[in-house]
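Printed here is work.json (JSON, C-alpha atoms):
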```
[["chain", "number", "residue", "atom", "x", "y", "z"],
["A", 92, "MET", "CA", -121.09, -48.62, -90.04],
["A", 93, "GLU", "CA", -118.18, -51.10, -89.84],
["A", 94, "ARG", "CA", -118.13, -53.37, -86.77],
["A", 95, "ILE", "CA", -115.13, -53.10, -84.44],
["A", 96, "ASN", "CA", -114.14, -56.75, -84.94],
["A", 97, "ASP", "CA", -114.22, -56.30, -88.69],
["A", 98, "THR", "CA", -112.05, -53.19, -88.36],
["A", 99, "LEU", "CA", -109.46, -55.05, -86.24],
["A", 100, "LYS", "CA", -109.38, -57.95, -88.68],
["A", 101, "ARG", "CA", -108.87, -55.57, -91.57],
["A", 102, "LEU", "CA", -106.08, -53.69, -89.74],
["A", 103, "SER", "CA", -104.36, -56.89, -88.65],
["A", 104, "GLY", "CA", -104.20, -57.96, -92.25],
["A", 105, "SER", "CA", -102.38, -54.82, -93.37],
["A", 106, "ASN", "CA", -98.61, -54.82, -93.73],
["A", 107, "GLY", "CA", -98.21, -51.63, -91.68],
["A", 108, "PHE", "CA", -100.06, -53.06, -88.73],
["A", 109, "LYS", "CA", -98.13, -56.34, -88.90],
["A", 110, "GLN", "CA", -94.80, -54.51, -88.97],
["A", 111, "ARG", "CA", -95.71, -52.36, -85.95],
["A", 112, "TYR", "CA", -96.99, -55.41, -84.06],
["A", 113, "GLU", "CA", -93.83, -57.41, -84.75],
["A", 114, "GLN", "CA", -91.66, -54.46, -83.71],
["A", 115, "MET", "CA", -93.66, -54.07, -80.48],
["A", 116, "LYS", "CA", -93.37, -57.82, -79.79],
["A", 117, "LYS", "CA", -89.61, -57.69, -80.40],
["A", 118, "GLU", "CA", -89.22, -54.84, -77.89],
["A", 119, "ILE", "CA", -91.26, -56.76, -75.33],
["A", 120, "MET", "CA", -89.39, -60.03, -75.74],
["A", 121, "GLU", "CA", -85.99, -58.32, -75.49],
["A", 122, "ASN", "CA", -86.89, -56.43, -72.33],
["A", 123, "LYS", "CA", -84.78, -57.81, -69.45],
["A", 124, "GLU", "CA", -87.50, -57.34, -66.81],
["A", 125, "VAL", "CA", -90.02, -59.16, -68.98],
["A", 126, "GLN", "CA", -87.50, -61.94, -69.59],
["A", 127, "ALA", "CA", -86.90, -62.27, -65.84],
["A", 128, "PHE", "CA", -90.66, -62.50, -65.24],
["A", 129, "PHE", "CA", -91.01, -65.19, -67.92],
["A", 130, "HIS", "CA", -88.15, -67.16, -66.36],
["A", 131, "ALA", "CA", -89.69, -66.92, -62.87],
["A", 132, "HIS", "CA", -93.01, -68.29, -64.19],
["A", 133, "SER", "CA", -91.74, -70.62, -66.87],
["A", 134, "ASP", "CA", -94.02, -73.40, -65.64],
["A", 135, "VAL", "CA", -97.09, -71.33, -66.57],
["A", 136, "ILE", "CA", -96.13, -68.91, -69.32],
["A", 137, "ASN", "CA", -96.21, -70.15, -72.92],
["A", 138, "SER", "CA", -96.68, -68.51, -76.32],
["A", 139, "SER", "CA", -100.46, -68.50, -75.93],
["A", 140, "VAL", "CA", -100.25, -66.63, -72.60],
["A", 141, "VAL", "CA", -97.79, -64.15, -74.09],
["A", 142, "ASP", "CA", -99.99, -63.47, -77.13],
["A", 143, "LYS", "CA", -103.06, -62.85, -74.95],
["A", 144, "SER", "CA", -101.06, -60.50, -72.71],
["A", 145, "MET", "CA", -99.24, -58.48, -75.35],
["A", 146, "MET", "CA", -100.94, -55.13, -74.64],
["A", 147, "LYS", "CA", -100.32, -55.42, -70.89],
["A", 148, "LEU", "CA", -96.69, -56.28, -71.54],
["A", 149, "TYR", "CA", -96.33, -53.26, -73.81],
["A", 150, "GLU", "CA", -97.94, -51.06, -71.14],
["A", 151, "PHE", "CA", -95.35, -52.42, -68.72],
["A", 152, "ILE", "CA", -92.24, -51.76, -70.82],
["A", 153, "SER", "CA", -93.49, -48.29, -71.81],
["A", 154, "GLN", "CA", -93.28, -47.00, -68.23],
["A", 155, "SER", "CA", -90.52, -46.13, -65.80],
["A", 156, "LYS", "CA", -89.54, -48.58, -63.07],
["A", 157, "GLN", "CA", -87.67, -47.66, -59.88],
["A", 158, "CYS", "CA", -87.91, -43.98, -60.95],
["A", 159, "ARG", "CA", -85.13, -44.53, -63.53],
["A", 160, "ASP", "CA", -86.68, -42.22, -66.15],
["A", 161, "CYS", "CA", -88.31, -39.74, -63.74],
["A", 162, "PRO", "CA", -86.11, -36.85, -62.53],
["A", 163, "SER", "CA", -88.70, -35.96, -59.88],
["A", 164, "LEU", "CA", -92.18, -36.94, -58.75],
["A", 165, "SER", "CA", -93.74, -33.99, -60.60],
["A", 166, "GLU", "CA", -91.99, -35.16, -63.80],
["A", 167, "CYS", "CA", -93.17, -38.76, -63.49],
["A", 168, "LYS", "CA", -93.76, -40.25, -66.98],
["A", 169, "ASN", "CA", -96.00, -43.08, -65.81],
["A", 170, "MET", "CA", -99.75, -43.39, -66.34],
["A", 171, "MET", "CA", -100.34, -42.65, -62.66],
["A", 172, "GLU", "CA", -97.96, -40.17, -61.08],
["A", 173, "GLY", "CA", -95.90, -41.84, -58.37],
["A", 174, "TYR", "CA", -96.94, -45.40, -59.23],
["A", 175, "GLU", "CA", -94.82, -47.98, -61.03],
["A", 176, "PRO", "CA", -96.04, -51.15, -62.77],
["A", 177, "GLN", "CA", -95.33, -54.71, -61.65],
["A", 178, "LEU", "CA", -96.11, -57.79, -63.69],
["A", 179, "VAL", "CA", -98.37, -60.41, -62.08],
["A", 180, "LEU", "CA", -100.08, -63.58, -63.19],
["A", 181, "ASN", "CA", -103.83, -63.49, -63.01],
["A", 182, "ARG", "CA", -105.59, -66.72, -64.06],
["A", 183, "ASN", "CA", -102.91, -67.63, -66.58],
["A", 184, "VAL", "CA", -102.93, -64.14, -68.07],
["A", 185, "ILE", "CA", -100.19, -61.60, -67.47],
["A", 186, "ASP", "CA", -101.54, -58.50, -65.79],
["A", 187, "ILE", "CA", -100.20, -55.33, -64.15],
["A", 188, "GLU", "CA", -100.44, -54.07, -60.59],
["A", 189, "TYR", "CA", -99.41, -50.52, -59.71],
["A", 190, "HIS", "CA", -97.50, -49.74, -56.53],
["A", 191, "LYS", "CA", -96.13, -46.50, -55.09],
["A", 192, "CYS", "CA", -92.63, -45.69, -56.29],
["A", 193, "GLN", "CA", -89.82, -44.76, -53.93],
["A", 194, "LYS", "CA", -90.15, -41.03, -54.63],
["A", 195, "LYS", "CA", -93.87, -41.10, -53.78],
["A", 196, "LEU", "CA", -93.26, -43.17, -50.65],
["A", 197, "ILE", "CA", -90.72, -40.58, -49.48],
["A", 198, "ARG", "CA", -93.05, -37.67, -50.25],
["A", 199, "ASP", "CA", -96.03, -39.33, -48.58],
["A", 200, "GLU", "CA", -93.97, -40.11, -45.50],
["A", 201, "LYS", "CA", -92.76, -36.50, -45.38],
["A", 202, "GLN", "CA", -96.34, -35.20, -45.62],
["A", 203, "LYS", "CA", -97.42, -37.64, -42.93],
["A", 204, "THR", "CA", -94.56, -36.42, -40.75],
["A", 205, "GLU", "CA", -95.46, -32.78, -41.33],
["A", 206, "LYS", "CA", -99.02, -33.46, -40.20],
["A", 207, "LEU", "CA", -97.67, -34.69, -36.88],
["A", 208, "ILE", "CA", -96.26, -31.24, -36.12],
["A", 209, "GLY", "CA", -98.96, -28.74, -35.26],
["A", 210, "SER", "CA", -98.06, -25.09, -35.02],
["A", 211, "ILE", "CA", -99.62, -21.81, -34.02],
["A", 212, "TYR", "CA", -97.95, -18.66, -35.44],
["A", 213, "VAL", "CA", -94.60, -20.42, -36.01],
["A", 214, "PRO", "CA", -92.37, -19.49, -39.02],
["A", 215, "LYS", "CA", -91.77, -22.11, -41.72],
["A", 216, "ASP", "CA", -88.01, -22.20, -41.21],
["A", 217, "ILE", "CA", -88.62, -23.41, -37.66],
["A", 218, "LEU", "CA", -90.94, -26.17, -38.91],
["A", 219, "ASN", "CA", -88.21, -27.32, -41.34],
["A", 220, "ALA", "CA", -85.46, -27.38, -38.71],
["A", 221, "SER", "CA", -83.14, -30.36, -38.30],
["A", 222, "LEU", "CA", -80.82, -31.45, -35.50],
["A", 223, "ALA", "CA", -78.34, -32.44, -38.21],
["A", 224, "ASP", "CA", -78.04, -28.76, -39.21],
["A", 225, "TYR", "CA", -77.80, -27.40, -35.67],
["A", 226, "GLN", "CA", -74.48, -25.59, -35.21],
["A", 227, "LEU", "CA", -72.37, -26.88, -32.33],
["A", 228, "ASP", "CA", -70.02, -23.93, -31.97],
["A", 229, "THR", "CA", -70.20, -23.42, -28.19],
["A", 230, "ALA", "CA", -70.07, -25.79, -25.23],
["A", 231, "GLU", "CA", -73.56, -24.68, -24.17],
["A", 232, "ARG", "CA", -75.01, -25.41, -27.62],
["A", 233, "VAL", "CA", -73.39, -28.86, -27.57],
["A", 234, "HIS", "CA", -74.97, -29.49, -24.15],
["A", 235, "ALA", "CA", -78.39, -28.33, -25.38],
["A", 236, "PHE", "CA", -78.05, -30.54, -28.46],
["A", 237, "GLU", "CA", -77.15, -33.58, -26.36],
["A", 238, "LEU", "CA", -80.14, -33.08, -24.08],
["A", 239, "ALA", "CA", -82.43, -32.70, -27.10],
["A", 240, "GLU", "CA", -81.10, -35.93, -28.63],
["A", 241, "LYS", "CA", -81.42, -37.72, -25.30],
["A", 242, "PHE", "CA", -85.07, -36.69, -24.94],
["A", 243, "VAL", "CA", -85.94, -37.89, -28.45],
["A", 244, "ALA", "CA", -84.16, -41.20, -27.91],
["A", 245, "GLN", "CA", -85.78, -41.89, -24.54],
["A", 246, "TYR", "CA", -89.29, -40.57, -25.16],
["A", 247, "GLU", "CA", -92.14, -43.02, -24.69],
["A", 248, "ARG", "CA", -95.78, -42.05, -24.54],
["A", 249, "GLY", "CA", -97.03, -42.18, -20.95],
["A", 250, "LYS", "CA", -93.51, -42.17, -19.52],
["A", 251, "LYS", "CA", -92.83, -39.39, -17.00],
["A", 252, "MET", "CA", -90.27, -37.12, -18.65],
["A", 253, "LYS", "CA", -89.14, -33.54, -18.18],
["A", 254, "GLY", "CA", -89.03, -31.18, -21.12],
["A", 255, "LEU", "CA", -86.38, -28.50, -21.60],
["A", 256, "TYR", "CA", -86.43, -24.76, -20.93],
["A", 257, "PHE", "CA", -84.05, -23.19, -23.46],
["A", 258, "TYR", "CA", -83.03, -19.65, -22.54],
["A", 259, "GLY", "CA", -80.56, -17.12, -23.89],
["A", 260, "SER", "CA", -80.32, -13.92, -25.89],
["A", 261, "PHE", "CA", -82.02, -13.08, -29.22],
["A", 262, "GLY", "CA", -81.36, -14.97, -32.46],
["A", 263, "ILE", "CA", -79.21, -17.80, -31.14],
["A", 264, "GLY", "CA", -81.37, -20.68, -32.35],
["A", 265, "LYS", "CA", -83.59, -21.56, -29.40],
["A", 266, "SER", "CA", -86.74, -21.75, -31.52],
["A", 267, "TYR", "CA", -84.86, -23.63, -34.23],
["A", 268, "LEU", "CA", -83.94, -26.25, -31.65],
["A", 269, "LEU", "CA", -87.62, -26.72, -30.78],
["A", 270, "GLY", "CA", -88.45, -27.29, -34.44],
["A", 271, "ALA", "CA", -85.59, -29.75, -34.81],
["A", 272, "ILE", "CA", -86.80, -31.75, -31.80],
["A", 273, "ALA", "CA", -90.35, -31.73, -33.18],
["A", 274, "ASN", "CA", -89.12, -33.12, -36.51],
["A", 275, "GLU", "CA", -87.06, -35.84, -34.83],
["A", 276, "LEU", "CA", -90.11, -36.85, -32.80],
["A", 277, "ALA", "CA", -92.29, -36.82, -35.92],
["A", 278, "ASP", "CA", -89.90, -39.30, -37.54],
["A", 279, "LYS", "CA", -90.81, -41.60, -34.64],
["A", 280, "HIS", "CA", -94.52, -40.83, -35.29],
["A", 281, "VAL", "CA", -94.81, -38.74, -32.11],
["A", 282, "PRO", "CA", -97.08, -35.68, -32.56],
["A", 283, "SER", "CA", -96.16, -32.32, -31.08],
["A", 284, "LEU", "CA", -97.49, -28.76, -31.03],
["A", 285, "ILE", "CA", -95.31, -25.63, -31.27],
["A", 286, "VAL", "CA", -96.97, -22.43, -30.07],
["A", 287, "TYR", "CA", -95.58, -18.92, -30.47],
["A", 288, "VAL", "CA", -96.69, -17.60, -27.09],
["A", 289, "PRO", "CA", -97.21, -13.83, -27.65],
["A", 290, "GLU", "CA", -99.53, -14.33, -30.65],
["A", 291, "PHE", "CA", -101.33, -17.24, -29.02],
["A", 292, "PHE", "CA", -102.14, -15.17, -25.93],
["A", 293, "ARG", "CA", -103.33, -12.35, -28.17],
["A", 294, "GLU", "CA", -105.63, -14.77, -29.99],
["A", 295, "ILE", "CA", -106.97, -16.12, -26.70],
["A", 296, "LYS", "CA", -107.95, -12.59, -25.64],
["A", 297, "GLN", "CA", -109.73, -12.03, -28.95],
["A", 298, "SER", "CA", -111.53, -15.38, -28.58],
["A", 299, "LEU", "CA", -113.40, -14.19, -25.51],
["A", 300, "GLY", "CA", -116.01, -12.66, -27.80],
["A", 301, "ASN", "CA", -116.79, -15.83, -29.76],
["A", 302, "HIS", "CA", -116.59, -18.25, -26.82],
["A", 303, "THR", "CA", -113.83, -20.45, -28.29],
["A", 304, "VAL", "CA", -111.29, -19.97, -25.49],
["A", 305, "ASP", "CA", -111.95, -23.34, -23.83],
["A", 306, "GLU", "CA", -111.69, -25.21, -27.13],
["A", 307, "LYS", "CA", -108.33, -23.62, -27.99],
["A", 308, "LEU", "CA", -106.93, -24.08, -24.50],
["A", 309, "ASP", "CA", -107.97, -27.71, -24.47],
["A", 310, "ALA", "CA", -106.07, -28.44, -27.69],
["A", 311, "VAL", "CA", -102.91, -26.91, -26.24],
["A", 312, "LYS", "CA", -103.31, -28.58, -22.86],
["A", 313, "ARG", "CA", -103.63, -32.06, -24.32],
["A", 314, "ALA", "CA", -100.85, -32.01, -26.94],
["A", 315, "PRO", "CA", -98.63, -35.07, -26.35],
["A", 316, "ILE", "CA", -95.58, -32.79, -26.65],
["A", 317, "LEU", "CA", -96.12, -29.05, -26.18],
["A", 318, "MET", "CA", -93.52, -26.43, -27.10],
["A", 319, "LEU", "CA", -94.13, -22.88, -25.86],
["A", 320, "ASP", "CA", -91.89, -20.60, -27.92],
["A", 321, "ASP", "CA", -90.75, -17.19, -26.65],
["A", 322, "ILE", "CA", -92.49, -17.17, -23.28],
["A", 323, "GLY", "CA", -91.85, -13.84, -21.58],
["A", 324, "ALA", "CA", -92.10, -11.80, -24.80],
["A", 325, "GLU", "CA", -95.81, -11.22, -24.26],
["A", 326, "THR", "CA", -97.51, -8.42, -22.35],
["A", 327, "MET", "CA", -98.65, -10.24, -19.25],
["A", 328, "SER", "CA", -102.01, -9.72, -17.62],
["A", 329, "SER", "CA", -103.15, -11.43, -14.44],
["A", 330, "TRP", "CA", -105.85, -13.32, -16.36],
["A", 331, "ILE", "CA", -103.42, -14.62, -19.01],
["A", 332, "ARG", "CA", -100.89, -15.66, -16.36],
["A", 333, "ASP", "CA", -103.34, -17.38, -14.00],
["A", 334, "GLU", "CA", -106.25, -18.61, -16.14],
["A", 335, "VAL", "CA", -104.46, -19.34, -19.40],
["A", 336, "LEU", "CA", -100.78, -20.11, -18.79],
["A", 337, "GLY", "CA", -101.35, -21.41, -15.26],
["A", 338, "SER", "CA", -104.23, -23.60, -16.42],
["A", 339, "ILE", "CA", -102.19, -25.12, -19.28],
["A", 340, "LEU", "CA", -99.21, -25.85, -17.05],
["A", 341, "GLN", "CA", -101.32, -27.26, -14.22],
["A", 342, "PHE", "CA", -103.04, -29.72, -16.55],
["A", 343, "ARG", "CA", -99.77, -30.85, -18.13],
["A", 344, "MET", "CA", -98.13, -31.23, -14.75],
["A", 345, "LEU", "CA", -100.94, -33.45, -13.46],
["A", 346, "GLU", "CA", -100.97, -35.53, -16.67],
["A", 347, "ASN", "CA", -97.14, -35.74, -16.89],
["A", 348, "LEU", "CA", -97.14, -34.37, -20.44],
["A", 349, "PRO", "CA", -93.67, -33.22, -21.61],
["A", 350, "THR", "CA", -93.46, -29.47, -22.13],
["A", 351, "PHE", "CA", -90.70, -27.38, -23.72],
["A", 352, "PHE", "CA", -90.08, -23.64, -23.50],
["A", 353, "THR", "CA", -87.88, -21.01, -25.09],
["A", 354, "SER", "CA", -87.29, -17.62, -23.52],
["A", 355, "ASN", "CA", -84.93, -14.68, -23.47],
["A", 356, "PHE", "CA", -85.23, -14.84, -19.68],
["A", 357, "ASP", "CA", -83.59, -17.26, -17.32],
["A", 358, "LEU", "CA", -85.93, -18.61, -14.62],
["A", 359, "LYS", "CA", -85.36, -15.67, -12.28],
["A", 360, "GLY", "CA", -85.95, -13.18, -15.07],
["A", 361, "LEU", "CA", -89.15, -14.93, -16.13],
["A", 362, "GLU", "CA", -90.41, -14.94, -12.55],
["A", 363, "TYR", "CA", -89.86, -11.19, -12.36],
["A", 364, "HIS", "CA", -91.72, -10.77, -15.67],
["A", 365, "LEU", "CA", -94.65, -12.82, -14.36],
["A", 366, "THR", "CA", -94.72, -10.93, -11.04],
["A", 367, "TYR", "CA", -95.75, -7.60, -12.53],
["A", 368, "SER", "CA", -99.02, -7.58, -14.46],
["A", 369, "GLN", "CA", -100.02, -5.26, -17.28],
["A", 370, "ARG", "CA", -101.48, -2.86, -14.71],
["A", 371, "GLY", "CA", -98.25, -2.74, -12.73],
["A", 372, "GLU", "CA", -99.58, -4.83, -9.84],
["A", 373, "GLU", "CA", -97.01, -6.89, -7.94],
["A", 374, "GLU", "CA", -98.19, -10.49, -7.47],
["A", 375, "LYS", "CA", -95.20, -12.49, -6.26],
["A", 376, "LEU", "CA", -97.16, -15.45, -4.93],
["A", 377, "LYS", "CA", -99.07, -16.02, -8.17],
["A", 378, "ALA", "CA", -95.91, -15.67, -10.24],
["A", 379, "ALA", "CA", -94.12, -18.14, -7.96],
["A", 380, "ARG", "CA", -96.95, -20.63, -8.40],
["A", 381, "VAL", "CA", -96.57, -20.54, -12.20],
["A", 382, "MET", "CA", -92.79, -20.83, -11.92],
["A", 383, "GLU", "CA", -93.07, -23.94, -9.75],
["A", 384, "ARG", "CA", -95.07, -25.59, -12.53],
["A", 385, "ILE", "CA", -92.47, -24.61, -15.15],
["A", 386, "LYS", "CA", -89.64, -25.97, -12.98],
["A", 387, "TYR", "CA", -91.55, -29.20, -12.50],
["A", 388, "LEU", "CA", -92.12, -29.57, -16.24],
["A", 389, "ALA", "CA", -88.76, -28.55, -17.69],
["A", 390, "GLU", "CA", -85.04, -28.45, -17.03],
["A", 391, "PRO", "CA", -83.38, -25.05, -17.66],
["A", 392, "VAL", "CA", -80.74, -25.12, -20.42],
["A", 393, "LEU", "CA", -78.61, -22.15, -21.47],
["A", 394, "VAL", "CA", -78.18, -21.67, -25.23],
["A", 395, "ASN", "CA", -75.63, -19.09, -26.39],
["A", 396, "GLY", "CA", -73.54, -18.07, -29.36],
["A", 397, "PRO", "CA", -73.64, -15.35, -32.03],
["A", 398, "ASN", "CA", -76.93, -13.81, -33.19],
["A", 399, "ARG", "CA", -77.77, -15.82, -36.33],
["A", 400, "ARG", "CA", -80.32, -13.28, -37.55],
["A", 401, "ASN", "CA", -77.60, -10.73, -38.33]]
```
Could you render the structure as structure tokens?
Amino acid sequence: MERINDTLKRLSGSNGFKQRYEQMKKEIMENKEVQAFFHAHSDVINSSVVDKSMMKLYEFISQSKQCRDCPSLSECKNMMEGYEPQLVLNRNVIDIEYHKCQKKLIRDEKQKTEKLIGSIYVPKDILNASLADYQLDTAERVHAFELAEKFVAQYERGKKMKGLYFYGSFGIGKSYLLGAIANELADKHVPSLIVYVPEFFREIKQSLGNHTVDEKLDAVKRAPILMLDDIGAETMSSWIRDEVLGSILQFRMLENLPTFFTSNFDLKGLEYHLTYSQRGEEEKLKAARVMERIKYLAEPVLVNGPNRRN
């Protein structure tokens, strides 16, 4: 069997190999990025260094830099998707280091941001919401937008701040506004949790059998920013109102944790909803106690306009 060194010597002596090698060397030496690297390290790089580094240099010129030849991250032509080569000197030999390209940095940052927004039973379009796309076609929507922007700009962890209670009719973008705020906060690396209230309460009832109620409630209670979407759309029982909702709000009030709400009810309408339990019992005092916590935690803000679901 022929030894590898003998094979290389034999190949290097062939005209075909020499021609391909010279062509490769010509491409390398004419490459502007390679030339710039040589110029920057002219005190170290000589013909001997170049000859020893020829394969690394060819690896470098064969790949895309600054995403120039890659239409998207999934169509990356480089050896490692999302990584671009950079020439470095390593003990008088030219070597390559790989660093994340701009497209990968953007995608990784987006994924990191998405992880900051927790959600329970919330549609994807809400999680992709943006304040930049929020329609400002009524004075009330402009006011709601301004308050949302103000909260995001002024938020600091540990700072005592009121959330917002967005109310108005169906399909006018109250939930979208929550998602937009959550995304703005995520850009500042502030985690939040959006909870669709009717389904969450239904899950809590079902969790009684497997003893996970306390664990789920604790996660919601302690979220740095909590957003309770569509409160008032649920069928209210005394236990849900007092032991679940009341418990969450009491904890957040004591810990000064910002809390947001959306509802089809204004505050008076929500209080009426909370007053009458599933069994038809009238419990004004207990409903008033929950409402005091909501008023402490959030400022009521009317949102109106056309139904955007039509």
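The space between CA of Phe291 in chain A and CA of Met327 in chain A spans 12.3 Å.
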| query | Of the candidates A:Arg293, A:Ala235, A:Met344, A:Thr350, which shows the shortest atom-to-atom distance to Leu317 in chain A, using only C-alpha atoms? | reply | A:Thr350
| task | Work out how far CA of Tyr212 in chain A is from CA of Glu240 in chain A, in Å to one decimal. | result |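 Going from CA of Glu240 in chain A over to CA of Tyr212 in chain A, I get 25.1 Å.
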| request: Rank A:Val335, A:Ala277, A:Ala378, A:Ala314 by their smallest atom-to-atom distance to Lys201 in chain A, using all atoms listed in the file, and report the top residue only. | output: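 The shortest atom-to-atom distance to Lys201 in chain A comes from A:Ala277.
Nearest-residue note for Ala239 in chain A: choosing from A:Gly209, A:Pro176, A:Pro214, A:Gly270, the minimum distance belongs to A:Gly270, counting only C-alpha atoms.
Our summary of the geometry notes that CA of Phe129 in chain A is positioned 24.8 Å from CA of Gln193 in chain A.
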| message | Could you check the closest approach to Leu196 in chain A for each of A:Lys386, A:Tyr174, A:Ile217, A:Val243 and tell me which residue wins, using all atoms listed in the file? | response |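 With all atoms listed in the file as the atom set, the closest residue is A:Tyr174.
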| request: Mind checking which residues fall within 8 Å of range 259-264 of chain A, counting all atoms listed in the file, ignoring those fewer than 4 positions away in the same chain, and posting them as number ranges by chain? | output: A: 268, 354-357, 393-400
| query | Between A:Tyr246, A:Tyr256, A:Tyr267, A:Tyr367, which one has atoms that come closest to His280 in chain A, using only C-alpha atoms? | reply |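 Of all the options, A:Tyr246 lies closest to His280 in chain A.
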| Nearest residue to Ala127 in chain A from the set A:Glu294, A:Leu178, A:Arg370, A:Tyr189 (distances using all atoms listed in the file) |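 When distances to Ala127 in chain A are compared using all atoms listed in the file, the smallest one comes from A:Leu178.
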